[in-house]
Amino acid sequence: MTLSGNQKRRMRSAARLYAVQALFQMEQSDTGADRVREEFETHRFGAVYEEGEMEEGDVDLFRALIDRAVNWQAKIDQMTDRALVAKWPIARIDPTLRALFRAAGAELTEGDTPPKVVITEFVDVARAFFEGGDEPKFVNAVLDHMAREARPEAF
């Protein structure tokens with residue numbers, strides 16, 4: 001089966017959302033990456049529930065984001081800290097935002113997706129979690145700073 005460009009984009013967007021959820025779950029439940037990754041791939045990707053159908057995700061991107069976020073967490077958290085106001089270290093921010101910054105940082109530091117696309121995608125993820133709040137603007141500002149540090153040649 002050949003996927004259209006739009007289907008591939010939707011699957012990549014879903015993978016980013018799932019990566020944020022998985023990283024959040026790992027931190028909250030103190031569960032390892034392999035177990036959470038397996039749970040998501042088995043029970044969430046394309047699953048059908050009474051409430052509706054879950055989007056099929058890009059498994060390769062999902063795995064890459066989780067692995068990079070875990071392997072490079074200290075580096076990504078330090079980069080996030082530098083992008084945050086000094087009074088608000090990453091340990092003090094909302095755990096959902098922390099997971100989002102780790103997933104986005106994973107894609108910014110080692111991905112081949114243009115930084116502006118990564119920022120746009122993760123701002124959309126923030127909108128999904130924080131409807132009507134200021135968080136998407138905050139995420140945009142922090143990720144812009146992180147992207148300029150991680151990939152200055154793109155700006």
# chains A, B, ... in the order shown; residues from 1 in each chain; ligands from 1
>>> residues_around(residues="A:Ala19", least_positions_apart="6", cutoff="7 Å", atoms="only C-alpha atoms", output="PyMOL selection string")
chain A and resi 62+65-66+103
>>> write_last_selection(atoms="C-alpha atoms", output="mmCIF file, in the first residue's frame")
data_model
loop_
_atom_site.group_PDB
_atom_site.id
_atom_site.type_symbol
_atom_site.label_atom_id
_atom_site.label_comp_id
_atom_site.auth_asym_id
_atom_site.auth_seq_id
_atom_site.Cartn_x
_atom_site.Cartn_y
_atom_site.Cartn_z
ATOM 1 C CA PHE A 62 7.833 7.322 17.309
ATOM 2 C CA LEU A 65 11.847 10.172 19.319
ATOM 3 C CA ILE A 66 11.507 7.941 22.389
ATOM 4 C CA ALA A 103 10.257 14.802 22.279
#
>>> select_by_dssp(residues="chain A", states="alpha helix (DSSP H)", output="MDAnalysis selection string")
chainID A and resid 5:29 33:43 59:71 73:83 95:110 115:129 135:150
>>> closest_residue(among="A:Glu38, A:Ala47, A:Val139, A:Gln28", to="A:Val125", atoms="only C-alpha atoms")
A:Val139
>>> residues_around(residues="stretch 69-85 of chain A", least_positions_apart="4", cutoff="6 Å", atoms="only C-alpha atoms", output="ChimeraX atom specification")
/A:65,89-90,102-103,105-106,142,145
>>> atom_distance(atom1="atom CA of A:Gly5", atom2="atom CA of A:Gly57")
13.9 Å
>>> select_by_dssp(residues="chain A", states="strand (DSSP E)", output="compact mmCIF listing (two decimals) with C-alpha atoms, in the first residue's frame")
# COMPACT_ATOMS: atom_id res chain seq x y z
CA VAL A 48 -10.58 1.59 17.57
CA TYR A 49 -12.55 2.46 20.69
CA GLY A 52 -13.46 6.84 18.10
CA GLU A 53 -10.43 5.67 16.22
>>> residues_around(residues="stretch 128-138 of chain A", least_positions_apart="2", cutoff="12 Å", atoms="only C-alpha atoms", output="number ranges by chain")
A: 13-14, 16-18, 20-21, 83-85, 93-101, 119-126, 140-145
>>> write_last_selection(atoms="N, CA and C atoms", output="mmCIF file, in the first residue's frame")
data_model
loop_
_atom_site.group_PDB
_atom_site.id
_atom_site.type_symbol
_atom_site.label_atom_id
_atom_site.label_comp_id
_atom_site.auth_asym_id
_atom_site.auth_seq_id
_atom_site.Cartn_x
_atom_site.Cartn_y
_atom_site.Cartn_z
ATOM 1 N N SER A 13 2.653 13.306 12.443
ATOM 2 C CA SER A 13 2.051 14.147 13.489
ATOM 3 C C SER A 13 1.557 13.278 14.643
ATOM 4 N N ALA A 14 0.893 12.166 14.317
ATOM 5 C CA ALA A 14 0.395 11.253 15.353
ATOM 6 C C ALA A 14 1.559 10.675 16.150
ATOM 7 N N ARG A 16 4.377 12.059 16.825
ATOM 8 C CA ARG A 16 4.869 13.086 17.753
ATOM 9 C C ARG A 16 3.967 13.184 18.978
ATOM 10 N N LEU A 17 2.667 13.189 18.748
ATOM 11 C CA LEU A 17 1.711 13.241 19.858
ATOM 12 C C LEU A 17 1.886 12.016 20.756
ATOM 13 N N TYR A 18 1.973 10.831 20.154
ATOM 14 C CA TYR A 18 2.158 9.612 20.941
ATOM 15 C C TYR A 18 3.477 9.627 21.699
ATOM 16 N N VAL A 20 5.009 12.239 22.959
ATOM 17 C CA VAL A 20 4.811 13.094 24.138
ATOM 18 C C VAL A 20 4.040 12.320 25.207
ATOM 19 N N GLN A 21 2.968 11.637 24.800
ATOM 20 C CA GLN A 21 2.179 10.862 25.761
ATOM 21 C C GLN A 21 3.029 9.753 26.393
ATOM 22 N N ALA A 83 16.572 27.655 27.442
ATOM 23 C CA ALA A 83 15.501 28.352 26.717
ATOM 24 C C ALA A 83 14.416 28.888 27.653
ATOM 25 N N LEU A 84 14.359 28.347 28.855
ATOM 26 C CA LEU A 84 13.356 28.782 29.831
ATOM 27 C C LEU A 84 13.886 29.976 30.624
ATOM 28 N N VAL A 85 12.981 30.698 31.237
ATOM 29 C CA VAL A 85 13.374 31.777 32.138
ATOM 30 C C VAL A 85 14.137 31.151 33.305
ATOM 31 N N ILE A 93 8.366 22.827 35.567
ATOM 32 C CA ILE A 93 7.277 23.042 34.612
ATOM 33 C C ILE A 93 6.337 21.840 34.561
ATOM 34 N N ASP A 94 5.190 22.036 33.969
ATOM 35 C CA ASP A 94 4.166 21.011 33.824
ATOM 36 C C ASP A 94 4.773 19.753 33.186
ATOM 37 N N PRO A 95 4.479 18.563 33.722
ATOM 38 C CA PRO A 95 5.074 17.340 33.183
ATOM 39 C C PRO A 95 4.714 17.078 31.712
ATOM 40 N N THR A 96 3.551 17.529 31.276
ATOM 41 C CA THR A 96 3.192 17.368 29.863
ATOM 42 C C THR A 96 4.114 18.220 28.998
ATOM 43 N N LEU A 97 4.377 19.451 29.433
ATOM 44 C CA LEU A 97 5.299 20.313 28.684
ATOM 45 C C LEU A 97 6.713 19.747 28.711
ATOM 46 N N ARG A 98 7.111 19.188 29.835
ATOM 47 C CA ARG A 98 8.443 18.590 29.939
ATOM 48 C C ARG A 98 8.574 17.455 28.914
ATOM 49 N N ALA A 99 7.550 16.601 28.816
ATOM 50 C CA ALA A 99 7.570 15.504 27.841
ATOM 51 C C ALA A 99 7.592 16.056 26.417
ATOM 52 N N LEU A 100 6.831 17.116 26.179
ATOM 53 C CA LEU A 100 6.799 17.740 24.855
ATOM 54 C C LEU A 100 8.176 18.291 24.484
ATOM 55 N N PHE A 101 8.819 19.004 25.410
ATOM 56 C CA PHE A 101 10.142 19.569 25.117
ATOM 57 C C PHE A 101 11.170 18.464 24.877
ATOM 58 N N ILE A 119 8.911 22.763 15.081
ATOM 59 C CA ILE A 119 8.266 23.737 15.978
ATOM 60 C C ILE A 119 6.766 23.777 15.723
ATOM 61 N N THR A 120 6.363 23.908 14.475
ATOM 62 C CA THR A 120 4.934 23.970 14.122
ATOM 63 C C THR A 120 4.200 22.723 14.602
ATOM 64 N N GLU A 121 4.806 21.558 14.361
ATOM 65 C CA GLU A 121 4.181 20.295 14.758
ATOM 66 C C GLU A 121 3.987 20.208 16.270
ATOM 67 N N PHE A 122 5.007 20.590 17.035
ATOM 68 C CA PHE A 122 4.898 20.466 18.488
ATOM 69 C C PHE A 122 4.043 21.582 19.107
ATOM 70 N N VAL A 123 3.940 22.719 18.449
ATOM 71 C CA VAL A 123 2.975 23.735 18.893
ATOM 72 C C VAL A 123 1.558 23.177 18.710
ATOM 73 N N ASP A 124 1.332 22.449 17.615
ATOM 74 C CA ASP A 124 0.027 21.795 17.412
ATOM 75 C C ASP A 124 -0.246 20.750 18.495
ATOM 76 N N VAL A 125 0.788 20.008 18.897
ATOM 77 C CA VAL A 125 0.632 19.045 19.994
ATOM 78 C C VAL A 125 0.246 19.794 21.272
ATOM 79 N N ALA A 126 0.909 20.918 21.529
ATOM 80 C CA ALA A 126 0.576 21.723 22.715
ATOM 81 C C ALA A 126 -0.883 22.173 22.668
ATOM 82 N N ASN A 140 6.075 27.606 21.543
ATOM 83 C CA ASN A 140 6.668 28.181 20.335
ATOM 84 C C ASN A 140 7.960 28.936 20.677
ATOM 85 N N ALA A 141 7.909 29.753 21.713
ATOM 86 C CA ALA A 141 9.082 30.552 22.094
ATOM 87 C C ALA A 141 10.234 29.668 22.568
ATOM 88 N N VAL A 142 9.931 28.693 23.411
ATOM 89 C CA VAL A 142 10.978 27.813 23.941
ATOM 90 C C VAL A 142 11.588 26.975 22.813
ATOM 91 N N LEU A 143 10.740 26.419 21.949
ATOM 92 C CA LEU A 143 11.259 25.578 20.861
ATOM 93 C C LEU A 143 12.046 26.395 19.845
ATOM 94 N N ASP A 144 11.648 27.639 19.625
ATOM 95 C CA ASP A 144 12.408 28.498 18.717
ATOM 96 C C ASP A 144 13.830 28.678 19.263
ATOM 97 N N HIS A 145 13.934 28.933 20.555
ATOM 98 C CA HIS A 145 15.238 29.098 21.197
ATOM 99 C C HIS A 145 16.046 27.804 21.099
#
>>> atom_distance(atom1="atom CA of A:Glu41", atom2="atom CA of A:Arg63")
9.5 Å
>>> atom_distance(atom1="atom CA of A:Ala147", atom2="atom CA of A:Leu61")
18.3 Å
>>> residues_around(residues="stretch 151-155 of chain A", least_positions_apart="2", cutoff="8 Å", atoms="only C-alpha atoms", output="list in words")
Leu108, Thr109, Pro114, Pro115, Ala147, Arg148 and Glu149 of chain A
>>> decode(residues="stretch 7-50 of chain A", atoms="N, CA and C atoms", output="mmCIF file, in the first residue's frame")
data_model
loop_
_atom_site.group_PDB
_atom_site.id
_atom_site.type_symbol
_atom_site.label_atom_id
_atom_site.label_comp_id
_atom_site.auth_asym_id
_atom_site.auth_seq_id
_atom_site.Cartn_x
_atom_site.Cartn_y
_atom_site.Cartn_z
ATOM 1 N N GLN A 7 -1.220 11.443 4.106
ATOM 2 C CA GLN A 7 -1.286 10.344 5.077
ATOM 3 C C GLN A 7 0.030 10.236 5.853
ATOM 4 N N LYS A 8 1.150 10.375 5.151
ATOM 5 C CA LYS A 8 2.458 10.315 5.817
ATOM 6 C C LYS A 8 2.596 11.445 6.832
ATOM 7 N N ARG A 9 2.167 12.656 6.462
ATOM 8 C CA ARG A 9 2.231 13.796 7.394
ATOM 9 C C ARG A 9 1.375 13.535 8.626
ATOM 10 N N ARG A 10 0.160 13.011 8.420
ATOM 11 C CA ARG A 10 -0.726 12.726 9.557
ATOM 12 C C ARG A 10 -0.115 11.660 10.472
ATOM 13 N N MET A 11 0.520 10.662 9.876
ATOM 14 C CA MET A 11 1.156 9.605 10.680
ATOM 15 C C MET A 11 2.350 10.151 11.457
ATOM 16 N N ARG A 12 3.101 11.058 10.858
ATOM 17 C CA ARG A 12 4.237 11.669 11.558
ATOM 18 C C ARG A 12 3.728 12.562 12.698
ATOM 19 N N SER A 13 2.653 13.306 12.443
ATOM 20 C CA SER A 13 2.051 14.147 13.489
ATOM 21 C C SER A 13 1.557 13.278 14.643
ATOM 22 N N ALA A 14 0.893 12.166 14.317
ATOM 23 C CA ALA A 14 0.395 11.253 15.353
ATOM 24 C C ALA A 14 1.559 10.675 16.150
ATOM 25 N N ALA A 15 2.655 10.332 15.482
ATOM 26 C CA ALA A 15 3.826 9.774 16.173
ATOM 27 C C ALA A 15 4.373 10.773 17.187
ATOM 28 N N ARG A 16 4.377 12.059 16.825
ATOM 29 C CA ARG A 16 4.869 13.086 17.753
ATOM 30 C C ARG A 16 3.967 13.184 18.978
ATOM 31 N N LEU A 17 2.667 13.189 18.748
ATOM 32 C CA LEU A 17 1.711 13.241 19.858
ATOM 33 C C LEU A 17 1.886 12.016 20.756
ATOM 34 N N TYR A 18 1.973 10.831 20.154
ATOM 35 C CA TYR A 18 2.158 9.612 20.941
ATOM 36 C C TYR A 18 3.477 9.627 21.699
ATOM 37 N N ALA A 19 4.521 10.182 21.106
ATOM 38 C CA ALA A 19 5.821 10.253 21.790
ATOM 39 C C ALA A 19 5.714 11.108 23.051
ATOM 40 N N VAL A 20 5.009 12.239 22.959
ATOM 41 C CA VAL A 20 4.811 13.094 24.138
ATOM 42 C C VAL A 20 4.040 12.320 25.207
ATOM 43 N N GLN A 21 2.968 11.637 24.800
ATOM 44 C CA GLN A 21 2.179 10.862 25.761
ATOM 45 C C GLN A 21 3.029 9.753 26.393
ATOM 46 N N ALA A 22 3.828 9.078 25.581
ATOM 47 C CA ALA A 22 4.655 7.977 26.091
ATOM 48 C C ALA A 22 5.711 8.486 27.070
ATOM 49 N N LEU A 23 6.364 9.593 26.721
ATOM 50 C CA LEU A 23 7.379 10.157 27.629
ATOM 51 C C LEU A 23 6.739 10.617 28.933
ATOM 52 N N PHE A 24 5.553 11.208 28.846
ATOM 53 C CA PHE A 24 4.814 11.608 30.048
ATOM 54 C C PHE A 24 4.527 10.368 30.902
ATOM 55 N N GLN A 25 4.020 9.320 30.265
ATOM 56 C CA GLN A 25 3.673 8.091 30.979
ATOM 57 C C GLN A 25 4.902 7.459 31.620
ATOM 58 N N MET A 26 6.025 7.465 30.906
ATOM 59 C CA MET A 26 7.252 6.895 31.462
ATOM 60 C C MET A 26 7.660 7.620 32.732
ATOM 61 N N GLU A 27 7.581 8.949 32.711
ATOM 62 C CA GLU A 27 7.985 9.724 33.878
ATOM 63 C C GLU A 27 7.011 9.537 35.032
ATOM 64 N N GLN A 28 5.713 9.559 34.744
ATOM 65 C CA GLN A 28 4.702 9.479 35.804
ATOM 66 C C GLN A 28 4.634 8.098 36.454
ATOM 67 N N SER A 29 4.835 7.051 35.650
ATOM 68 C CA SER A 29 4.688 5.689 36.178
ATOM 69 C C SER A 29 6.026 5.007 36.429
ATOM 70 N N ASP A 30 7.121 5.724 36.123
ATOM 71 C CA ASP A 30 8.470 5.169 36.284
ATOM 72 C C ASP A 30 8.597 3.834 35.544
ATOM 73 N N THR A 31 8.064 3.820 34.321
ATOM 74 C CA THR A 31 8.095 2.627 33.471
ATOM 75 C C THR A 31 9.143 2.825 32.395
ATOM 76 N N GLY A 32 9.834 1.756 32.024
ATOM 77 C CA GLY A 32 10.887 1.830 31.024
ATOM 78 C C GLY A 32 10.374 2.063 29.617
ATOM 79 N N ALA A 33 11.279 2.532 28.773
ATOM 80 C CA ALA A 33 10.936 2.885 27.391
ATOM 81 C C ALA A 33 10.411 1.690 26.602
ATOM 82 N N ASP A 34 11.042 0.532 26.735
ATOM 83 C CA ASP A 34 10.620 -0.633 25.948
ATOM 84 C C ASP A 34 9.180 -1.020 26.249
ATOM 85 N N ARG A 35 8.829 -1.020 27.517
ATOM 86 C CA ARG A 35 7.473 -1.415 27.914
ATOM 87 C C ARG A 35 6.430 -0.420 27.418
ATOM 88 N N VAL A 36 6.716 0.861 27.576
ATOM 89 C CA VAL A 36 5.765 1.893 27.139
ATOM 90 C C VAL A 36 5.658 1.888 25.611
ATOM 91 N N ARG A 37 6.790 1.769 24.943
ATOM 92 C CA ARG A 37 6.792 1.741 23.473
ATOM 93 C C ARG A 37 5.918 0.585 22.975
ATOM 94 N N GLU A 38 6.093 -0.598 23.563
ATOM 95 C CA GLU A 38 5.306 -1.766 23.158
ATOM 96 C C GLU A 38 3.811 -1.533 23.402
ATOM 97 N N GLU A 39 3.476 -0.949 24.562
ATOM 98 C CA GLU A 39 2.077 -0.680 24.879
ATOM 99 C C GLU A 39 1.441 0.251 23.835
ATOM 100 N N PHE A 40 2.166 1.310 23.483
ATOM 101 C CA PHE A 40 1.633 2.259 22.507
ATOM 102 C C PHE A 40 1.463 1.612 21.138
ATOM 103 N N GLU A 41 2.478 0.896 20.703
ATOM 104 C CA GLU A 41 2.419 0.294 19.370
ATOM 105 C C GLU A 41 1.339 -0.778 19.290
ATOM 106 N N THR A 42 1.087 -1.477 20.399
ATOM 107 C CA THR A 42 0.092 -2.548 20.416
ATOM 108 C C THR A 42 -1.325 -2.026 20.642
ATOM 109 N N HIS A 43 -1.466 -1.046 21.546
ATOM 110 C CA HIS A 43 -2.812 -0.656 21.991
ATOM 111 C C HIS A 43 -3.287 0.728 21.559
ATOM 112 N N ARG A 44 -2.406 1.539 20.977
ATOM 113 C CA ARG A 44 -2.848 2.888 20.623
ATOM 114 C C ARG A 44 -2.800 3.163 19.128
ATOM 115 N N PHE A 45 -1.725 2.755 18.482
ATOM 116 C CA PHE A 45 -1.585 3.036 17.054
ATOM 117 C C PHE A 45 -2.725 2.382 16.284
ATOM 118 N N GLY A 46 -3.617 3.203 15.733
ATOM 119 C CA GLY A 46 -4.706 2.698 14.912
ATOM 120 C C GLY A 46 -5.795 1.956 15.661
ATOM 121 N N ALA A 47 -5.792 2.008 16.988
ATOM 122 C CA ALA A 47 -6.795 1.292 17.779
ATOM 123 C C ALA A 47 -8.170 1.932 17.585
ATOM 124 N N VAL A 48 -9.205 1.108 17.697
ATOM 125 C CA VAL A 48 -10.580 1.589 17.567
ATOM 126 C C VAL A 48 -11.273 1.393 18.908
ATOM 127 N N TYR A 49 -11.817 2.486 19.422
ATOM 128 C CA TYR A 49 -12.545 2.459 20.691
ATOM 129 C C TYR A 49 -13.943 3.003 20.455
ATOM 130 N N GLU A 50 -14.810 2.865 21.464
ATOM 131 C CA GLU A 50 -16.168 3.405 21.343
ATOM 132 C C GLU A 50 -16.138 4.906 21.075
#
